[in-house]
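Shown below: work-v4.cif, with mmCIF, C-alpha atoms.
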data_my_file
loop_
_atom_site.group_PDB
_atom_site.id
_atom_site.type_symbol
_atom_site.label_atom_id
_atom_site.label_comp_id
_atom_site.auth_asym_id
_atom_site.auth_seq_id
_atom_site.Cartn_x
_atom_site.Cartn_y
_atom_site.Cartn_z
ATOM 1 C CA VAL A 1 83.047 113.409 53.689
ATOM 2 C CA ILE A 2 80.496 113.270 56.499
ATOM 3 C CA GLY A 3 80.706 109.460 56.746
ATOM 4 C CA TYR A 4 84.501 109.628 56.744
ATOM 5 C CA THR A 5 84.514 112.182 59.596
ATOM 6 C CA THR A 6 82.123 110.080 61.696
ATOM 7 C CA LYS A 7 84.333 106.983 61.270
ATOM 8 C CA ASN A 8 87.413 108.968 62.291
ATOM 9 C CA ARG A 9 85.586 110.372 65.304
ATOM 10 C CA LYS A 10 84.499 106.854 66.351
ATOM 11 C CA LYS A 11 88.071 105.575 65.982
ATOM 12 C CA LYS A 12 89.384 108.522 67.981
ATOM 13 C CA ASN A 13 86.782 107.960 70.728
ATOM 14 C CA MET A 14 87.638 104.243 70.805
ATOM 15 C CA LYS A 15 91.324 105.082 71.238
ATOM 16 C CA ILE A 16 90.487 107.443 74.105
ATOM 17 C CA TYR A 17 88.347 104.773 75.806
ATOM 18 C CA CYS A 18 91.123 102.204 75.405
ATOM 19 C CA LEU A 19 93.723 104.574 76.859
ATOM 20 C CA LEU A 20 91.420 105.437 79.748
ATOM 21 C CA PHE A 21 90.789 101.742 80.438
ATOM 22 C CA LEU A 22 94.515 100.948 80.354
ATOM 23 C CA THR A 23 95.309 103.851 82.666
ATOM 24 C CA ILE A 24 92.668 102.828 85.213
ATOM 25 C CA SER A 25 93.733 99.171 84.995
ATOM 26 C CA THR A 26 97.390 100.097 85.490
ATOM 27 C CA LEU A 27 96.606 102.291 88.483
ATOM 28 C CA SER A 28 94.455 99.573 90.043
ATOM 29 C CA PHE A 29 97.162 96.948 89.491
ATOM 30 C CA SER A 30 99.805 99.332 90.857
ATOM 31 C CA GLN A 31 97.718 99.903 93.970
ATOM 32 C CA ASN A 32 97.051 96.195 94.545
ATOM 33 C CA ASN A 33 100.674 95.340 93.858
ATOM 34 C CA SER A 34 101.877 98.010 96.306
ATOM 35 C CA GLU A 35 99.480 96.744 98.958
ATOM 36 C CA SER A 36 100.713 93.155 98.638
ATOM 37 C CA ASP A 37 104.352 94.340 98.582
ATOM 38 C CA VAL A 38 103.793 96.218 101.853
ATOM 39 C CA PHE A 39 102.112 93.131 103.360
ATOM 40 C CA LYS A 40 105.141 91.015 102.442
ATOM 41 C CA LYS A 41 107.533 93.653 103.802
ATOM 42 C CA ILE A 42 105.746 93.718 107.169
ATOM 43 C CA ILE A 43 105.826 89.911 107.462
ATOM 44 C CA ASP A 44 109.529 89.914 106.486
ATOM 45 C CA GLU A 45 110.113 92.589 109.143
ATOM 46 C CA GLN A 46 108.517 90.358 111.808
ATOM 47 C CA ILE A 47 110.511 87.311 110.711
ATOM 48 C CA GLY A 48 113.649 89.489 110.851
ATOM 49 C CA LYS A 49 112.857 90.283 114.494
ATOM 50 C CA ASN A 50 112.962 86.544 115.264
ATOM 51 C CA THR A 51 109.215 86.363 115.727
ATOM 52 C CA LEU A 52 108.593 82.651 115.311
ATOM 53 C CA GLY A 53 105.364 80.750 114.793
ATOM 54 C CA ILE A 54 103.330 83.621 113.371
ATOM 55 C CA TYR A 55 99.678 83.294 112.487
ATOM 56 C CA VAL A 56 98.296 85.983 110.198
ATOM 57 C CA GLN A 57 94.782 87.252 110.809
ATOM 58 C CA CYS A 58 92.675 87.753 107.664
ATOM 59 C CA GLU A 59 90.935 90.958 108.705
ATOM 60 C CA LYS A 60 92.726 94.162 107.857
ATOM 61 C CA HIS A 61 91.393 96.898 110.054
ATOM 62 C CA LYS A 62 91.073 100.531 109.066
ATOM 63 C CA THR A 63 94.332 102.441 109.522
ATOM 64 C CA PHE A 64 94.479 105.314 111.994
ATOM 65 C CA PHE A 65 96.617 108.361 111.194
ATOM 66 C CA ASP A 66 96.866 111.670 113.009
ATOM 67 C CA LEU A 67 99.116 114.129 111.183
ATOM 68 C CA LYS A 68 99.973 116.217 114.252
ATOM 69 C CA GLU A 69 100.740 113.144 116.368
ATOM 70 C CA PHE A 70 102.856 111.671 113.547
ATOM 71 C CA LYS A 71 104.975 114.836 113.268
ATOM 72 C CA GLU A 72 105.529 115.042 117.039
ATOM 73 C CA GLU A 73 106.372 111.392 117.505
ATOM 74 C CA VAL A 74 108.425 110.639 114.385
ATOM 75 C CA GLY A 75 110.305 113.901 113.908
ATOM 76 C CA LEU A 76 111.085 113.225 110.235
ATOM 77 C CA GLU A 77 111.179 115.898 107.550
ATOM 78 C CA VAL A 78 108.340 114.496 105.448
ATOM 79 C CA PRO A 79 106.897 116.957 102.914
ATOM 80 C CA GLU A 80 103.577 118.392 104.070
ATOM 81 C CA LYS A 81 101.996 117.487 100.715
ATOM 82 C CA ILE A 82 102.698 113.776 101.260
ATOM 83 C CA LEU A 83 101.338 113.814 104.815
ATOM 84 C CA ASN A 84 98.197 115.634 103.678
ATOM 85 C CA GLU A 85 97.672 113.051 100.912
ATOM 86 C CA ILE A 86 98.046 110.202 103.406
ATOM 87 C CA GLU A 87 95.650 111.898 105.811
ATOM 88 C CA ALA A 88 93.069 112.377 103.028
ATOM 89 C CA ASN A 89 93.473 108.753 101.888
ATOM 90 C CA VAL A 90 93.007 107.456 105.450
ATOM 91 C CA ALA A 91 89.538 108.992 105.420
ATOM 92 C CA LYS A 92 88.725 106.835 102.349
ATOM 93 C CA SER A 93 90.115 103.590 103.798
ATOM 94 C CA ASN A 94 88.013 100.588 104.760
ATOM 95 C CA ASP A 95 88.255 97.393 106.694
ATOM 96 C CA GLY A 96 88.998 94.420 104.480
ATOM 97 C CA ILE A 97 90.311 90.889 104.186
ATOM 98 C CA TRP A 98 93.837 89.799 103.232
ATOM 99 C CA ASN A 99 94.167 87.196 100.521
ATOM 100 C CA SER A 100 95.679 83.944 101.837
ATOM 101 C CA GLU A 101 97.597 83.622 98.563
ATOM 102 C CA LEU A 102 99.942 86.356 99.837
ATOM 103 C CA ILE A 103 101.026 84.108 102.705
ATOM 104 C CA LYS A 104 101.700 81.218 100.314
ATOM 105 C CA GLU A 105 103.844 83.514 98.157
ATOM 106 C CA LEU A 106 106.115 84.223 101.143
ATOM 107 C CA ASN A 107 107.265 80.607 101.171
ATOM 108 C CA TYR A 108 108.367 80.495 104.812
ATOM 109 C CA ASN A 109 108.475 77.169 106.643
ATOM 110 C CA SER A 110 105.995 76.268 109.411
ATOM 111 C CA ASP A 111 108.442 77.253 112.178
ATOM 112 C CA LEU A 112 108.103 80.854 111.004
ATOM 113 C CA ILE A 113 104.530 81.039 109.711
ATOM 114 C CA LYS A 114 102.320 78.357 111.241
ATOM 115 C CA SER A 115 99.514 78.445 108.698
ATOM 116 C CA LYS A 116 99.572 78.845 104.918
ATOM 117 C CA LYS A 117 96.232 80.655 105.104
ATOM 118 C CA CYS A 118 95.117 83.666 107.061
ATOM 119 C CA LEU A 119 92.823 83.133 110.040
ATOM 120 C CA THR A 120 89.433 84.609 110.830
ATOM 121 C CA LYS A 121 88.757 86.166 114.251
ATOM 122 C CA LYS A 122 86.845 83.023 115.196
ATOM 123 C CA GLU A 123 89.785 80.775 114.233
ATOM 124 C CA VAL A 124 92.120 82.969 116.293
ATOM 125 C CA GLU A 125 89.844 82.607 119.348
ATOM 126 C CA GLU A 126 89.742 78.830 118.824
ATOM 127 C CA ILE A 127 93.566 78.669 118.803
ATOM 128 C CA PHE A 128 93.718 80.525 122.126
ATOM 129 C CA ILE A 129 91.056 78.263 123.662
ATOM 130 C CA LYS A 130 92.609 75.059 122.286
ATOM 131 C CA THR A 131 96.248 75.763 123.202
ATOM 132 C CA LYS A 132 95.768 77.880 126.362
ATOM 133 C CA LYS A 133 99.192 79.317 125.505
ATOM 134 C CA ARG A 134 100.559 82.595 124.221
ATOM 135 C CA GLN A 135 100.555 82.884 120.450
ATOM 136 C CA ALA A 136 101.956 85.268 117.857
ATOM 137 C CA ILE A 137 98.926 86.421 115.899
ATOM 138 C CA ILE A 138 99.612 89.376 113.641
ATOM 139 C CA CYS A 139 96.906 91.646 112.255
ATOM 140 C CA ILE A 140 98.058 94.057 109.543
ATOM 141 C CA SER A 141 95.906 97.060 108.702
ATOM 142 C CA GLU A 142 95.108 98.349 105.251
ATOM 143 C CA PRO A 143 98.211 100.168 103.971
ATOM 144 C CA ILE A 144 97.542 103.836 103.215
ATOM 145 C CA PHE A 145 99.596 105.446 100.460
ATOM 146 C CA ASP A 146 100.300 108.923 99.208
ATOM 147 C CA ASN A 147 98.888 109.643 95.749
ATOM 148 C CA ASN A 148 102.050 108.450 93.961
ATOM 149 C CA TYR A 149 102.351 105.186 95.941
ATOM 150 C CA GLU A 150 105.827 106.162 97.140
ATOM 151 C CA ASN A 151 105.083 106.544 100.886
ATOM 152 C CA CYS A 152 102.881 104.453 103.109
ATOM 153 C CA ILE A 153 101.665 103.997 106.645
ATOM 154 C CA VAL A 154 100.425 100.685 108.009
ATOM 155 C CA SER A 155 99.562 99.498 111.521
ATOM 156 C CA VAL A 156 100.307 96.131 113.059
ATOM 157 C CA VAL A 157 98.604 94.591 116.096
ATOM 158 C CA TYR A 158 99.990 91.480 117.795
ATOM 159 C CA SER A 159 97.613 89.344 119.809
ATOM 160 C CA THR A 160 99.350 87.082 122.263
ATOM 161 C CA PHE A 161 96.265 85.904 124.141
ATOM 162 C CA THR A 162 92.574 86.765 124.320
ATOM 163 C CA HIS A 163 92.240 90.482 125.204
ATOM 164 C CA SER A 164 96.013 90.956 125.214
ATOM 165 C CA ALA A 165 97.575 92.901 122.379
ATOM 166 C CA SER A 166 100.320 95.307 121.455
ATOM 167 C CA GLY A 167 101.175 97.095 118.284
ATOM 168 C CA HIS A 168 102.611 100.033 116.428
ATOM 169 C CA SER A 169 102.564 101.767 113.075
ATOM 170 C CA TYR A 170 105.164 101.851 110.332
ATOM 171 C CA PHE A 171 106.047 104.651 107.950
ATOM 172 C CA LEU A 172 107.502 103.140 104.768
ATOM 173 C CA LYS A 173 109.043 104.622 101.643
ATOM 174 C CA LYS A 174 109.531 102.997 98.266
ATOM 175 C CA VAL A 175 113.221 103.217 97.349
ATOM 176 C CA TYR A 176 114.396 101.802 94.024
ATOM 177 C CA GLY A 177 111.283 99.616 93.812
ATOM 178 C CA SER A 178 111.480 98.173 97.349
ATOM 179 C CA TRP A 179 109.581 99.223 100.462
ATOM 180 C CA ILE A 180 111.870 100.365 103.288
ATOM 181 C CA VAL A 181 110.773 100.939 106.898
ATOM 182 C CA ILE A 182 111.647 104.556 107.695
ATOM 183 C CA ALA A 183 110.052 104.872 111.140
ATOM 184 C CA VAL A 184 108.130 102.936 113.770
ATOM 185 C CA TYR A 185 105.711 104.990 115.847
ATOM 186 C CA GLY A 186 102.404 104.900 117.735
ATOM 187 C CA ILE A 187 103.332 102.065 120.087
ATOM 188 C CA LEU A 188 100.309 100.657 121.971
ATOM 189 C CA MET A 189 99.723 97.954 124.570
ATOM 190 C CA THR A 190 96.562 96.522 126.144
#

Take the structure I supplied and represent it as structure tokens, if you would.
Amino acid sequence: VIGYTTKNRKKKNMKIYCLLFLTISTLSFSQNNSESDVFKKIIDEQIGKNTLGIYVQCEKHKTFFDLKEFKEEVGLEVPEKILNEIEANVAKSNDGIWNSELIKELNYNSDLIKSKKCLTKKEVEEIFIKTKKRQAIICISEPIFDNNYENCIVSVVYSTFTHSASGHSYFLKKVYGSWIVIAVYGILMT
């Protein structure tokens, strides 16, 4: 009886470990999938605004979010719980690098996206030096989600020439599996 109980306990523990592993894997995939979906939505948004000849910068900077400023500027009725989750998740965010494979997946022609890979800061500087013309370089921050991955904020900075940039932030909501831009706020220019 003792040997039988130990085997059952081991099987039960193995099942728990497997379920835990699957849950963590699913959450990680969901997060990565949501992040790439937001990236694609932002690029589609820029193409929809007739922004031609975009270069995408590899670095994704840390996202800034101020709850009070957001409420004043946007004026939406967003549940406090969601905004608090986003604010807490911003504190955990990091700088990072976008995967060039995301750009290839977009499948836009070279009139819309000039390079099938993202560019480093050094490559961006070289383009400005080489062309001596205005460019459309887009830098997309790390998307920050609420805990259920149903709401998101992300910032976008456009560099047109060395030391010349503008940008804003987006508030997005996932509706029937697709990310929808709900508000644009935090407009900046340098």

Inset, instruction - Using only C-alpha atoms, give me every residue within 10 Å of (106.6, 104.8, 102.8) in file coordinates, as JSON, numbers by chain. - result: {"A": [38, 82, 143, 144, 145, 146, 149, 150, 151, 152, 153, 154, 170, 171, 172, 173, 174, 175, 178, 179, 180, 181, 182, 183]}

Legend entry - A:Lys122, A:Lys41, A:Lys92, A:Arg134 ranked by distance to Thr160 (chain A), top pick (using only C-alpha atoms):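 Using only C-alpha atoms, the shortest distance to Thr160 (chain A) belongs to A:Arg134.
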
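The closest residue to Cys118 (chain A), picked from A:Asn147, A:Ser169, A:Asn89, A:Gln57 and counting all atoms listed in the file, is A:Gln57.
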
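Take CA of Glu59 (chain A) and CA of Asp95 (chain A): the distance between them is 7.3 Å.
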
Inset, instruction - Select, from A:Val90, A:Cys58, A:Leu102, A:Val78, the residue with the minimum atom-to-atom distance to Glu123 (chain A), counting only C-alpha atoms. - result: A:Cys58

Legend entry - CA of Ser115 (chain A) to CA of Ser159 (chain A), straight-line distance in Å: 15.7 Å

Legend entry - Resolved residues for the PyMOL selection byres ((chain A and resi 161) around 10) as an MDAnalysis selection string: chainID A and resid 124:125 127:129 132:137 158:160 162:165

Inset, instruction - Do a neighbour search on Glu87 (chain A) at 8 Å with only C-alpha atoms, toss out local chain neighbours closer than 6 positions, and write the hits as a list of chain:residue names. - result: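 Once the adjacent positions are removed, what remains is A:Phe65, A:Asp66, A:Leu67.
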